[in-house]
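Engineer: What follows is the file input_23.cif, containing mmCIF, C-alpha atoms:
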```cif
data_structure
loop_
_atom_site.group_PDB
_atom_site.id
_atom_site.type_symbol
_atom_site.label_atom_id
_atom_site.label_comp_id
_atom_site.auth_asym_id
_atom_site.auth_seq_id
_atom_site.Cartn_x
_atom_site.Cartn_y
_atom_site.Cartn_z
ATOM 1 C CA MET A 219 136.293 90.710 75.497
ATOM 2 C CA GLU A 220 136.942 87.619 77.615
ATOM 3 C CA ASP A 221 135.726 89.430 80.760
ATOM 4 C CA LYS A 222 132.472 90.359 79.042
ATOM 5 C CA ARG A 223 131.937 86.774 77.898
ATOM 6 C CA THR A 224 132.664 85.501 81.399
ATOM 7 C CA LYS A 225 130.182 87.917 82.977
ATOM 8 C CA GLU A 226 127.537 86.996 80.389
ATOM 9 C CA PHE A 227 128.075 83.309 81.170
ATOM 10 C CA ILE A 228 127.597 83.940 84.903
ATOM 11 C CA LEU A 229 124.453 85.977 84.324
ATOM 12 C CA ASN A 230 123.076 83.297 81.998
ATOM 13 C CA GLU A 231 123.670 80.561 84.573
ATOM 14 C CA LEU A 232 122.109 82.531 87.429
ATOM 15 C CA SER A 233 119.153 83.474 85.221
ATOM 16 C CA LYS A 234 118.060 79.844 85.350
ATOM 17 C CA PHE A 235 116.817 80.588 88.864
ATOM 18 C CA SER A 236 114.408 83.115 90.348
ATOM 19 C CA PHE A 237 116.895 85.623 91.694
ATOM 20 C CA ARG A 238 115.854 89.229 92.173
ATOM 21 C CA LYS A 239 118.374 90.703 89.781
ATOM 22 C CA TYR A 240 118.077 94.271 91.067
ATOM 23 C CA THR A 241 119.386 93.468 94.574
ATOM 24 C CA LYS A 242 122.835 94.089 96.007
ATOM 25 C CA GLY A 243 123.045 90.418 96.935
ATOM 26 C CA PHE A 244 122.601 89.335 93.333
ATOM 27 C CA ARG A 245 125.229 91.852 92.167
ATOM 28 C CA TYR A 246 127.622 90.652 94.877
ATOM 29 C CA LEU A 247 127.014 86.991 93.994
ATOM 30 C CA ASN A 248 127.835 87.730 90.353
ATOM 31 C CA GLU A 249 131.026 89.464 91.446
ATOM 32 C CA ALA A 250 131.984 86.624 93.812
ATOM 33 C CA ILE A 251 131.606 84.032 91.055
ATOM 34 C CA TYR A 252 133.582 86.224 88.653
ATOM 35 C CA LEU A 253 136.424 86.617 91.162
ATOM 36 C CA CYS A 254 136.531 82.854 91.728
ATOM 37 C CA ILE A 255 136.658 82.210 87.988
ATOM 38 C CA LYS A 256 139.579 84.636 87.686
ATOM 39 C CA ASP A 257 141.353 83.070 90.681
ATOM 40 C CA ALA A 258 140.300 79.483 91.393
ATOM 41 C CA GLU A 259 142.109 79.564 94.756
ATOM 42 C CA ALA A 260 139.818 82.348 96.004
ATOM 43 C CA ILE A 261 136.963 79.903 96.635
ATOM 44 C CA GLU A 262 138.964 78.242 99.396
ATOM 45 C CA ASN A 263 138.300 81.169 101.743
ATOM 46 C CA LEU A 264 135.543 83.477 100.533
ATOM 47 C CA HIS A 265 135.627 85.575 103.693
ATOM 48 C CA LYS A 266 139.315 86.352 103.220
ATOM 49 C CA ASN A 267 139.740 86.299 99.415
ATOM 50 C CA VAL A 268 136.429 87.498 97.975
ATOM 51 C CA PHE A 269 134.139 89.370 100.356
ATOM 52 C CA PRO A 270 136.676 92.086 101.331
ATOM 53 C CA PHE A 271 137.334 92.899 97.667
ATOM 54 C CA ILE A 272 133.600 93.197 96.957
ATOM 55 C CA ALA A 273 133.062 95.303 100.092
ATOM 56 C CA GLU A 274 135.771 97.711 98.979
ATOM 57 C CA LYS A 275 134.595 97.876 95.367
ATOM 58 C CA TYR A 276 130.966 98.590 96.280
ATOM 59 C CA LYS A 277 131.761 100.625 99.408
ATOM 60 C CA GLU A 278 129.958 98.169 101.664
ATOM 61 C CA LYS A 279 130.488 98.480 105.435
ATOM 62 C CA SER A 280 132.172 95.109 105.891
ATOM 63 C CA PRO A 281 132.834 91.735 104.276
ATOM 64 C CA SER A 282 130.186 90.293 106.598
ATOM 65 C CA ASN A 283 127.585 92.616 105.065
ATOM 66 C CA VAL A 284 128.541 91.344 101.602
ATOM 67 C CA LYS A 285 128.058 87.752 102.740
ATOM 68 C CA TRP A 286 124.733 88.610 104.388
ATOM 69 C CA CYS A 287 123.414 90.303 101.224
ATOM 70 C CA ILE A 288 124.398 87.314 99.092
ATOM 71 C CA GLU A 289 122.821 84.861 101.538
ATOM 72 C CA GLN A 290 119.558 86.838 101.498
ATOM 73 C CA SER A 291 119.565 86.718 97.709
ATOM 74 C CA VAL A 292 120.190 82.959 97.750
ATOM 75 C CA ARG A 293 117.420 82.430 100.317
ATOM 76 C CA THR A 294 114.941 84.341 98.152
ATOM 77 C CA MET A 295 116.006 82.394 95.067
ATOM 78 C CA TYR A 296 115.572 79.111 96.931
ATOM 79 C CA ASN A 297 112.068 80.061 98.046
ATOM 80 C CA ASN A 298 111.009 81.263 94.575
ATOM 81 C CA THR A 299 112.543 78.623 92.290
ATOM 82 C CA GLU A 300 111.071 75.234 91.520
ATOM 83 C CA GLU A 301 112.778 72.726 93.792
ATOM 84 C CA SER A 302 113.383 70.148 91.063
ATOM 85 C CA LYS A 303 115.302 72.723 89.023
ATOM 86 C CA ILE A 304 117.568 73.514 91.982
ATOM 87 C CA CYS A 305 118.120 69.836 92.799
ATOM 88 C CA LYS A 306 119.003 68.950 89.218
ATOM 89 C CA TYR A 307 121.372 71.894 88.647
ATOM 90 C CA PHE A 308 123.269 71.577 91.934
ATOM 91 C CA ASN A 309 122.946 67.782 92.170
ATOM 92 C CA ILE A 310 121.434 67.896 95.653
ATOM 93 C CA GLU A 311 118.547 66.146 97.395
ATOM 94 C CA GLU A 312 115.087 67.637 97.809
ATOM 95 C CA ASN A 313 114.574 70.025 100.731
ATOM 96 C CA THR A 314 118.245 70.970 100.649
ATOM 97 C CA LYS A 315 119.245 74.562 100.075
ATOM 98 C CA PRO A 316 122.523 74.880 98.168
ATOM 99 C CA SER A 317 125.237 76.629 100.151
ATOM 100 C CA LEU A 318 126.825 79.798 98.880
ATOM 101 C CA LYS A 319 130.085 77.967 98.265
ATOM 102 C CA SER A 320 128.337 75.182 96.338
ATOM 103 C CA ILE A 321 126.558 77.727 94.146
ATOM 104 C CA ILE A 322 129.832 79.450 93.299
ATOM 105 C CA TYR A 323 131.650 76.139 92.822
ATOM 106 C CA THR A 324 128.964 74.716 90.530
ATOM 107 C CA VAL A 325 128.928 77.770 88.265
ATOM 108 C CA LEU A 326 132.743 77.791 88.292
ATOM 109 C CA CYS A 327 132.837 74.122 87.209
ATOM 110 C CA LYS A 328 130.286 74.704 84.451
ATOM 111 C CA TYR A 329 132.340 77.658 83.214
ATOM 112 C CA GLU A 330 135.533 75.585 83.133
ATOM 113 C CA TRP A 331 133.751 72.700 81.429
ATOM 114 C CA ASN A 332 132.336 75.056 78.777
ATOM 115 C CA ASN A 333 135.759 76.537 78.073
ATOM 116 C CA ASN A 334 137.660 73.273 77.652
#
```
Please render this file's structure as structure tokens.
Structural biologist:
Amino acid sequence: MEDKRTKEFILNELSKFSFRKYTKGFRYLNEAIYLCIKDAEAIENLHKNVFPFIAEKYKEKSPSNVKWCIEQSVRTMYNNTEESKICKYFNIEENTKPSLKSIIYTVLCKYEWNNN
């Protein structure tokens, strides 16, 4: 039950932005955030602790492909979401695209804050 609630929380947070939810990148981003929530240390090295697991689970060619798919999804979201919404949520300046790590970290922090 807790896993379902966690996944719903992640989806709800990401739904605040204009992601294309049917893409592999969006699915991989959801999974990356979920893995970091389950193991807070995983965020320290996404390429070693997160991307290989996702690549294996979804039968992707390599961890680099997982990262590329997620980055494409983030780029599309950035281009299609109102800039003020992005700046406010991620606490960044205008004309600044949030990094993959900052996206994961922000959702992770909001999850922890909600559950304390």
Engineer: Between A:Glu330, A:Glu300, A:Glu289, A:Glu311, which has the minimum distance to Lys242 (chain A) (counting all atoms listed in the file)?
Structural biologist: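 Looking at the shortest contact to Lys242 (chain A), the residue is A:Glu289.
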Engineer: Would you work out the distance separating CA of Ser233 (chain A) from CA of Lys303 (chain A), expressed in Å to one decimal?
Structural biologist: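 CA of Ser233 (chain A) sits 12.0 Å away from CA of Lys303 (chain A).
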Engineer: Out of A:Thr299, A:Lys222, A:Ile251, A:Leu264, which residue has the shortest atom-to-atom distance to Ser282 (chain A) when counting all atoms listed in the file?
Structural biologist: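 Comparing A:Thr299, A:Lys222, A:Ile251, A:Leu264 against Ser282 (chain A), the winner is A:Leu264.
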Engineer: Of the residues A:Thr324, A:Thr241, A:Lys234, A:Ile228, which is the one nearest to Thr294 (chain A), using all atoms listed in the file?
Structural biologist: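 The answer is A:Thr241, which sits nearest to Thr294 (chain A).
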Engineer: As an exercise, work out the distance from CA of Ser291 (chain A) to CA of Phe244 (chain A) in Å and give it to one decimal place.
Structural biologist: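 Distance between the two atoms: 5.9 Å.
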Engineer: Evaluate the PyMOL selection byres ((chain A and resi 230-232) around 10) and record the selected residues as a list in words, following the chain and residue labels used in the document.
Structural biologist: Thr224, Lys225, Glu226, Phe227, Ile228, Leu229, Ser233, Lys234, Phe235, Ser236, Phe237, Lys239, Phe244, Leu247, Asn248, Met295, Tyr307, Ile321, Thr324, Val325, Lys328 and Tyr329 of chain A
Engineer: Which residue gives the smallest distance to Gln290 (chain A) among A:Cys327, A:Leu318, A:Asp221, A:Leu253, with all atoms listed in the file counted?
Structural biologist: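 When distances to Gln290 (chain A) are compared using all atoms listed in the file, the smallest one comes from A:Leu318.
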Engineer: Need the shell around region 275-281 of chain A: protein/DNA/RNA residues with any atom at most 12 Å away, counting all atoms listed in the file. Skip same-chain ones fewer than 3 positions apart. Format as an MDAnalysis selection string?
Structural biologist: chainID A and resid 242:243 245:246 249:250 264:272 284:288
Engineer: Got time to write the residues from that selection, C-alpha atoms, as a PDB file, keeping the file's coordinate frame?
Structural biologist:
```pdb
ATOM      1  CA  LYS A 242     122.835  94.089  96.007  1.00  0.00           C
ATOM      2  CA  GLY A 243     123.045  90.418  96.935  1.00  0.00           C
ATOM      3  CA  ARG A 245     125.229  91.852  92.167  1.00  0.00           C
ATOM      4  CA  TYR A 246     127.622  90.652  94.877  1.00  0.00           C
ATOM      5  CA  GLU A 249     131.026  89.464  91.446  1.00  0.00           C
ATOM      6  CA  ALA A 250     131.984  86.624  93.812  1.00  0.00           C
ATOM      7  CA  LEU A 264     135.543  83.477 100.533  1.00  0.00           C
ATOM      8  CA  HIS A 265     135.627  85.575 103.693  1.00  0.00           C
ATOM      9  CA  LYS A 266     139.315  86.352 103.220  1.00  0.00           C
ATOM     10  CA  ASN A 267     139.740  86.299  99.415  1.00  0.00           C
ATOM     11  CA  VAL A 268     136.429  87.498  97.975  1.00  0.00           C
ATOM     12  CA  PHE A 269     134.139  89.370 100.356  1.00  0.00           C
ATOM     13  CA  PRO A 270     136.676  92.086 101.331  1.00  0.00           C
ATOM     14  CA  PHE A 271     137.334  92.899  97.667  1.00  0.00           C
ATOM     15  CA  ILE A 272     133.600  93.197  96.957  1.00  0.00           C
ATOM     16  CA  VAL A 284     128.541  91.344 101.602  1.00  0.00           C
ATOM     17  CA  LYS A 285     128.058  87.752 102.740  1.00  0.00           C
ATOM     18  CA  TRP A 286     124.733  88.610 104.388  1.00  0.00           C
ATOM     19  CA  CYS A 287     123.414  90.303 101.224  1.00  0.00           C
ATOM     20  CA  ILE A 288     124.398  87.314  99.092  1.00  0.00           C
TER      21      ILE A 288
END
```
Engineer: Separation of CA of Asn334 (chain A) and CA of Ser317 (chain A), in Å?
Structural biologist: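 We find that CA of Asn334 (chain A) and CA of Ser317 (chain A) lie 25.9 Å from each other.
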Engineer: With all atoms listed in the file counted, which protein, DNA or RNA residues have an atom no more than 9 Å from (135.5, 74.4, 98.7) in the file frame? Please answer as a list in words.
Structural biologist: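 Final list of nearby residues, as requested, is Ile261, Glu262, Asn263, Lys319, Ser320 and Tyr323 of chain A.
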